[in-house]
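Since the structure comes first, as structure tokens, the remarks are kept for the end.
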Amino acid sequence: MEADTSLLRRLRGGDEQAFADLVARYNSSMLRLALSFVSSRAVAEEVVQDTWLAMLRGLDRFEERSSLRTWLFTILVNRARTTGVREARSVPVADAGPAVDASRFSPSGAWAVPPDHWVEEAENRVDAAKLSELLRGAMSLLPDRQREVVLLRDVEGLTSSEVCHVLAISEANQRVLLHRGRSKLRQALESELGGGQR
Amino acid sequence: MSLFSGLLHRRPRDLPCQQVVEIVTDYLEGALSAGERRRFEHHLAVCEHCTEYLAQIRETIRLTGRVTTEDLTPEMRTDLTDLYRRWRAEG
Ligand SMILES: [Zn+2]
């Protein structure tokens, strides 16, 4: 796969194919991220297009200290937040729910209803498409901030510092959001694959 | 704490499972202090359920990493080609 820096060099030289290659590489991720901020597909596509245009216009200023992907995501999040239908009504509500429901522990804090074993069996029991569907569904139920962090970290594979940069949040905040989000996704998988309740 | 009493009694500094599941992410993110990390790992060494829980969180991360992203539709591809050409025309 051609490196981003090489594609950028070609793009700066006026190569339209380089733009098409970057679109093929990043557009899907950008669209998904945009959908996490705005409620309609049409608005999300608009945000993504605005982002590409901002990227083209900023091409000369981009200094490649951060990765191209982080730069694109940062532009996108800023655009999405100014457009954001969702963002406007979702001032972060403290979500203090536990990682695992308290009813599953004894008063001493030890497991009373321990997790069933399903780890090596997930993909044998449920096909990949269904697992993907299940996780997408569970992600859509997460509070916005948690979904954004999980999306960037675990779906897109950004590092924690990249996520903090893109979303403009602290490392500690990022960890809390990631923790809540992952805990709920695990619970969703367990509900499907294991016997544990809630 | 002698080894002997450690075998017979629950050690007072042991983490309860309910707390272990709340610091799993800090553990994976390398955000625990050296002491907290030792207590966490000590707990895992003696608790199969929390070991299972950690494995499930790792599996959740792995499976989440395989969730496919939105498709790039032909319409969007065309729109973006137009956008590129308009930008070029801006000069
Ligand atoms: Zn335990």
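Letters A, B, ... go to the chains of the structure tokens in the order shown; residues in each chain start at 1; ligands are counted from 1 in the same order.
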All residues 12 Å or closer to stretch 74-84 of chain B, only C-alpha atoms, same chain fewer than 3 positions away omitted, as a count of residues only: 39
Close residues to ligand 1 using only C-alpha atoms and all ligand atoms, limit 6 Å, as a list in words: Cys17, Cys47, His49 and Cys50 of chain B
Can you list every residue of chain B that has an atom at most 7 Å from chain A, with its nearest atom pair and the distance in Å to one decimal, using only C-alpha atoms, ordered by chain then number, as a Markdown table?
| residue | atom | partner | partner_atom | distance |
| --- | --- | --- | --- | --- |
| B:Pro16 | CA | A:Gly109 | CA | 5.0 |
| B:Cys17 | CA | A:Ala110 | CA | 4.9 |
| B:Gln18 | CA | A:Gly109 | CA | 5.0 |
| B:Val21 | CA | A:Ala99 | CA | 6.5 |
| B:Glu22 | CA | A:Ala99 | CA | 6.0 |
| B:Thr25 | CA | A:His179 | CA | 5.5 |
| B:Asp26 | CA | A:Arg175 | CA | 6.9 |
| B:His49 | CA | A:Pro114 | CA | 5.9 |
| B:Glu52 | CA | A:His117 | CA | 6.9 |
| B:Tyr53 | CA | A:Pro115 | CA | 6.5 |
| B:Ala55 | CA | A:Val119 | CA | 6.9 |
| B:Gln56 | CA | A:Val119 | CA | 5.9 |
| B:Ile57 | CA | A:Arg186 | CA | 6.1 |
| B:Glu59 | CA | A:Val119 | CA | 6.4 |
| B:Thr60 | CA | A:Arg186 | CA | 5.6 |
| B:Ile61 | CA | A:Asp154 | CA | 6.0 |
| B:Thr64 | CA | A:Val155 | CA | 5.7 |
| B:Gly65 | CA | A:Val155 | CA | 4.3 |
| B:Arg66 | CA | A:Val155 | CA | 6.9 |
| B:Val67 | CA | A:Ser132 | CA | 5.0 |
| B:Thr69 | CA | A:Ser28 | CA | 5.8 |
| B:Glu70 | CA | A:Ser28 | CA | 5.0 |
| B:Asp71 | CA | A:Ser28 | CA | 5.7 |
| B:Leu72 | CA | A:Ser28 | CA | 5.7 |
| B:Leu80 | CA | A:Gln49 | CA | 6.9 |
Between atom CA of A:Leu59 and atom CA of A:Val77, what is the spacing in Å?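 Atom CA of A:Leu59 lies at a distance of 17.9 Å from atom CA of A:Val77.
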